[in-house]
>>> print(open('coords_0.txt').read())   # compact mmCIF, C-alpha atoms
# COMPACT_ATOMS: atom_id res chain seq x y z
CA VAL A 1 82.47 -79.66 30.50
CA GLN A 2 82.57 -79.66 26.69
CA SER A 3 82.73 -75.87 26.60
CA ALA A 4 85.61 -75.85 29.11
CA TRP A 5 87.47 -78.50 27.11
CA ARG A 6 87.00 -76.51 23.89
CA VAL A 7 88.52 -73.40 25.52
CA LEU A 8 91.36 -75.16 27.33
CA SER A 9 92.40 -77.34 24.37
CA ASP A 10 92.72 -74.43 21.91
CA PRO A 11 95.82 -72.28 22.66
CA THR A 12 94.20 -69.12 21.25
CA ARG A 13 91.00 -69.49 23.27
CA ARG A 14 93.04 -70.46 26.34
CA LEU A 15 95.19 -67.35 26.02
CA LEU A 16 92.08 -65.17 25.62
CA TYR A 17 90.45 -66.81 28.65
CA ASP A 18 93.57 -66.38 30.79
CA LEU A 19 94.10 -62.74 29.80
CA ARG A 20 90.45 -61.80 30.40
CA ASN A 21 90.23 -63.55 33.76
CA PHE A 22 93.72 -63.36 35.23
CA GLY A 23 95.55 -60.65 33.28
CA HIS A 24 98.33 -63.06 32.28
CA SER A 25 98.69 -66.41 30.57
CA SER A 26 99.19 -69.73 32.29
CA LEU A 27 100.52 -71.23 29.03
CA SER A 28 103.94 -69.63 28.98
CA THR A 29 106.20 -67.49 31.09
CA GLY A 30 107.87 -65.92 28.05
CA ALA A 31 108.60 -62.23 27.81
CA GLU A 32 106.00 -61.72 25.07
CA THR A 33 103.16 -62.64 27.45
CA ALA A 34 104.64 -61.09 30.59
CA ASN A 35 103.03 -57.72 30.00
CA SER A 36 99.45 -57.29 28.88
CA GLU A 37 100.37 -55.38 25.70
CA GLY A 38 102.69 -58.15 24.51
CA ALA A 39 100.11 -60.77 25.40
CA GLU A 40 97.39 -58.90 23.50
CA MET A 41 99.64 -58.64 20.43
CA LYS A 42 100.31 -62.38 20.60
CA LEU A 43 96.58 -63.07 20.97
CA LEU A 44 95.71 -60.88 17.97
CA LYS A 45 98.40 -62.60 15.90
CA LEU A 46 97.05 -66.05 16.82
CA GLN A 47 93.45 -65.00 16.09
CA LYS A 48 94.38 -63.47 12.74
CA GLU A 49 96.37 -66.56 11.72
CA GLN A 50 93.42 -68.80 12.64
CA ALA A 51 91.01 -66.61 10.63
CA GLU A 52 93.36 -66.73 7.63
CA ARG A 53 93.56 -70.54 7.88
CA ASP A 54 89.76 -70.67 8.05
CA VAL A 55 89.44 -68.54 4.90
CA ASP A 56 92.01 -70.70 3.09
CA ASN A 57 90.11 -73.85 4.12
CA MET A 58 86.81 -72.48 2.82
CA GLU A 59 88.18 -71.39 -0.57
CA VAL A 60 86.66 -74.34 -2.49
CA GLN A 61 83.27 -73.79 -0.84
CA LEU A 62 83.54 -70.05 -1.47
CA GLN A 63 84.15 -70.52 -5.22
CA LYS A 64 81.22 -72.93 -5.45
CA VAL A 65 78.92 -70.45 -3.66
CA LEU A 66 80.10 -67.56 -5.86
CA ARG A 67 79.44 -69.48 -9.09
CA ARG A 68 75.99 -70.52 -7.92
CA GLU A 69 74.98 -67.04 -6.67
CA LYS A 70 76.30 -65.24 -9.78
CA ALA A 71 74.38 -67.63 -12.03
CA LYS A 72 71.05 -66.92 -10.34
CA ARG A 73 71.70 -63.26 -9.40
CA GLY A 74 71.60 -64.20 -5.73
CA VAL A 75 73.46 -62.77 -2.73
CA LEU A 76 76.94 -61.44 -3.57
CA VAL A 77 78.81 -59.83 -0.68
CA ARG A 78 80.69 -56.76 -1.96
CA LYS A 79 82.07 -55.48 1.36
CA ALA A 80 81.82 -56.69 4.93
CA PHE A 81 83.52 -55.17 7.96
CA TYR A 82 83.49 -56.40 11.55
CA GLY A 83 84.75 -54.45 14.55
CA ASP A 84 84.33 -51.04 16.17
CA LEU A 85 82.36 -49.18 13.49
CA ARG A 86 82.01 -45.85 15.29
CA LEU A 87 83.05 -42.77 13.33
CA ARG A 88 86.17 -40.79 14.15
CA ARG A 89 85.44 -37.25 15.33
CA GLU A 90 86.79 -35.71 12.12
CA SER A 91 84.42 -37.86 10.02
CA LEU A 92 81.36 -37.42 12.22
CA GLU A 93 79.82 -34.51 10.31
CA ASP A 94 80.20 -36.22 6.91
CA GLY A 95 78.77 -39.47 8.26
CA LEU A 96 75.72 -38.00 9.90
CA SER A 97 74.92 -35.70 6.99
CA MET A 98 75.49 -38.59 4.51
CA ARG A 99 77.48 -36.33 2.17
CA ARG A 100 79.69 -39.24 1.15
CA THR A 101 80.15 -42.95 1.66
CA ILE A 102 81.98 -43.75 4.85
CA GLU A 103 85.17 -45.75 4.33
CA PRO A 104 87.08 -47.92 6.83
CA GLU A 105 89.66 -45.18 7.43
CA ASP A 106 86.83 -42.96 8.78
CA LEU A 107 86.15 -45.42 11.61
CA VAL A 108 87.55 -45.64 15.13
CA GLY A 109 88.42 -49.31 14.60
CA PRO A 110 89.98 -51.73 14.82
CA ILE A 111 88.07 -53.54 12.08
CA VAL A 112 88.43 -56.76 10.10
CA GLU A 113 87.43 -57.29 6.45
CA VAL A 114 85.17 -60.39 6.38
CA SER A 115 83.66 -60.50 2.86
CA LYS A 116 85.02 -63.93 1.96
CA PRO A 117 83.92 -65.82 5.08
CA LEU A 118 80.51 -64.14 4.98
CA GLN A 119 80.01 -65.04 1.30
CA SER A 120 80.75 -68.67 2.11
CA PHE A 121 77.79 -68.70 4.55
CA VAL A 122 75.30 -68.05 1.71
CA GLU A 123 72.79 -70.88 1.33
CA GLN A 124 69.90 -70.69 -1.15
CA SER A 125 70.54 -66.98 -1.76
CA ALA A 126 70.30 -66.08 1.91
CA ILE A 127 72.45 -65.63 4.99
CA VAL A 128 71.10 -66.18 8.48
CA LEU A 129 73.52 -65.84 11.40
CA PRO A 130 71.59 -66.32 14.64
CA GLY A 131 72.03 -63.86 17.48
CA GLY A 132 71.87 -64.23 21.23
CA ALA A 133 73.93 -63.72 24.38
CA ALA A 134 76.37 -66.49 23.50
CA ALA A 135 76.45 -65.87 19.73
CA SER A 136 79.36 -63.51 19.07
CA LYS A 137 80.26 -63.25 15.41
CA ALA A 138 83.92 -63.42 16.51
CA ASP A 139 83.39 -67.18 16.93
CA LEU A 140 82.47 -67.68 13.25
CA PRO A 141 85.08 -69.24 10.94
CA GLY A 142 87.14 -66.49 9.28
CA PHE A 143 86.15 -63.87 11.88
CA TYR A 144 87.95 -62.72 15.02
CA ASN A 145 87.55 -59.99 17.61
CA PRO A 146 89.99 -57.21 16.64
CA ALA A 147 89.87 -55.80 20.22
CA PRO A 148 89.69 -58.96 22.35
CA LEU A 149 90.68 -57.46 25.69
CA ASP A 150 88.68 -54.23 25.52
CA PRO A 151 85.23 -54.85 27.03
CA GLU A 152 84.17 -51.27 26.20
CA VAL A 153 84.31 -51.82 22.42
CA GLU A 154 80.92 -52.48 20.86
CA LEU A 155 81.43 -54.74 17.87
CA SER A 156 79.22 -54.47 14.78
CA LEU A 157 79.01 -56.08 11.36
CA TYR A 158 78.40 -54.04 8.21
CA VAL A 159 77.49 -55.79 4.95
CA LEU A 160 77.18 -54.24 1.49
CA TYR A 161 75.72 -56.88 -0.81
CA GLU A 162 74.08 -57.30 -4.17
CA PHE A 163 70.85 -59.22 -4.67
CA ARG A 164 68.93 -59.36 -7.96
CA SER A 165 71.42 -56.78 -9.34
CA GLN A 166 70.47 -54.22 -6.66
CA LEU A 167 72.78 -52.97 -3.93
CA HIS A 168 71.73 -53.53 -0.32
CA GLU A 169 73.40 -52.62 2.97
CA VAL A 170 72.83 -53.61 6.57
CA LEU A 171 74.48 -53.02 9.94
CA VAL A 172 73.93 -55.32 12.94
CA GLY A 173 75.39 -55.52 16.42
CA ASP A 174 77.73 -58.36 17.33
CA ARG A 175 75.11 -60.47 19.09
CA GLU A 176 72.15 -59.53 16.86
CA THR A 177 70.79 -61.85 14.20
CA LEU A 178 71.97 -61.13 10.67
CA SER A 179 69.37 -62.13 8.12
CA LEU A 180 69.53 -61.17 4.48
CA PRO A 181 68.36 -60.36 1.84
CA TYR A 182 65.59 -58.01 2.96
CA ARG A 183 63.76 -55.37 0.98
CA ARG A 184 64.43 -52.79 3.72
CA HIS A 185 68.18 -53.14 3.01
CA VAL A 186 67.82 -51.95 -0.62
CA LEU A 187 69.54 -48.74 -1.63
CA ALA A 188 67.40 -46.31 -3.59
CA PRO A 189 68.38 -46.14 -7.29
CA GLY A 190 71.20 -43.67 -7.79
CA LYS A 191 71.90 -43.41 -4.06
CA ALA A 192 75.41 -44.18 -2.80
CA PRO A 193 75.85 -46.61 0.10
CA ARG A 194 76.01 -45.02 3.55
CA GLY A 195 79.02 -47.14 4.43
CA PRO A 196 80.14 -48.95 7.54
CA PHE A 197 79.41 -46.91 10.61
CA SER A 198 77.44 -47.33 13.76
CA PRO A 199 75.72 -44.05 14.70
>>> encode(input="coords_0.txt", output="structure tokens")
Amino acid sequence: VQSAWRVLSDPTRRLLYDLRNFGHSSLSTGAETANSEGAEMKLLKLQKEQAERDVDNMEVQLQKVLRREKAKRGVLVRKAFYGDLRLRRESLEDGLSMRRTIEPEDLVGPIVEVSKPLQSFVEQSAIVLPGGAAASKADLPGFYNPAPLDPEVELSLYVLYEFRSQLHEVLVGDRETLSLPYRRHVLAPGKAPRGPFSP
């Protein structure tokens, strides 16, 4: 009952629920939600606005975390991307051979930059985001699903972070647990980051 209330009382979640289950929204009969493309654009706009509000609301906490982590050389998130992190065909060879660092424009996408919200989750120089069937990272404050109506898109989270003045990088699936820092995430000295892509 609480879960249903949470979905039905939030216009963004309600729109997502309606579009996934019925193909149209029960909230309005306006032209923008009459076709699925217009409805998806409205949904993305609502999700993005909510994520921006979340980031604005966590700004004080974010600055506090940054000061604390910089002072003790803890976890500092340099880059974080969430979305479809598969490589475009034209970038596939470079990505697999690791000739260069993969950049967001090399990815299929869509993707969302989530460095600020992820940094605000740091507690005692660590981040632990639990995984599980019901634990999509799209539900975290400051995050959103950039392809909400495409069930074929496999979402992933890439994080490039610094810990004890060493660069680390990690890639996890949407419903996998993210736990950092870990020694296995460390980049070898002089080695460039692989970048955000899901092989």
>>> atom_distance(input="coords_0.txt", atom1="atom CA of Gln63 of chain A", atom2="atom CA of Gly83 of chain A")
25.5 Å
>>> residues_near_point(input="coords_0.txt", point="(92.9, -49.1, 15.0)", cutoff="12 Å", atoms="all atoms listed in the file", output="JSON, numbers by chain")
{"A": [83, 84, 85, 86, 87, 88, 104, 105, 106, 107, 108, 109, 110, 111, 112, 146, 147, 153]}
>>> atom_distance(input="coords_0.txt", atom1="atom CA of Leu155 of chain A", atom2="atom CA of Gly173 of chain A")
6.3 Å
>>> closest_residue(input="coords_0.txt", among="A:Leu129, A:Ala80, A:Leu92, A:Val122", to="Val170 of chain A", atoms="only C-alpha atoms")
A:Ala80
>>> residues_near_point(input="coords_0.txt", point="(79.3, -60.5, 20.9)", cutoff="6 Å", atoms="all atoms listed in the file", output="JSON list (two decimals) with C-alpha atoms, keeping the file's coordinate frame")
[["chain", "number", "residue", "atom", "x", "y", "z"],
["A", 136, "SER", "CA", 79.36, -63.51, 19.07],
["A", 174, "ASP", "CA", 77.73, -58.36, 17.33],
["A", 175, "ARG", "CA", 75.11, -60.47, 19.09]]
>>> closest_residue(input="coords_0.txt", among="A:Leu96, A:Met58, A:Leu46, A:Leu178", to="Pro148 of chain A", atoms="only C-alpha atoms")
A:Leu46
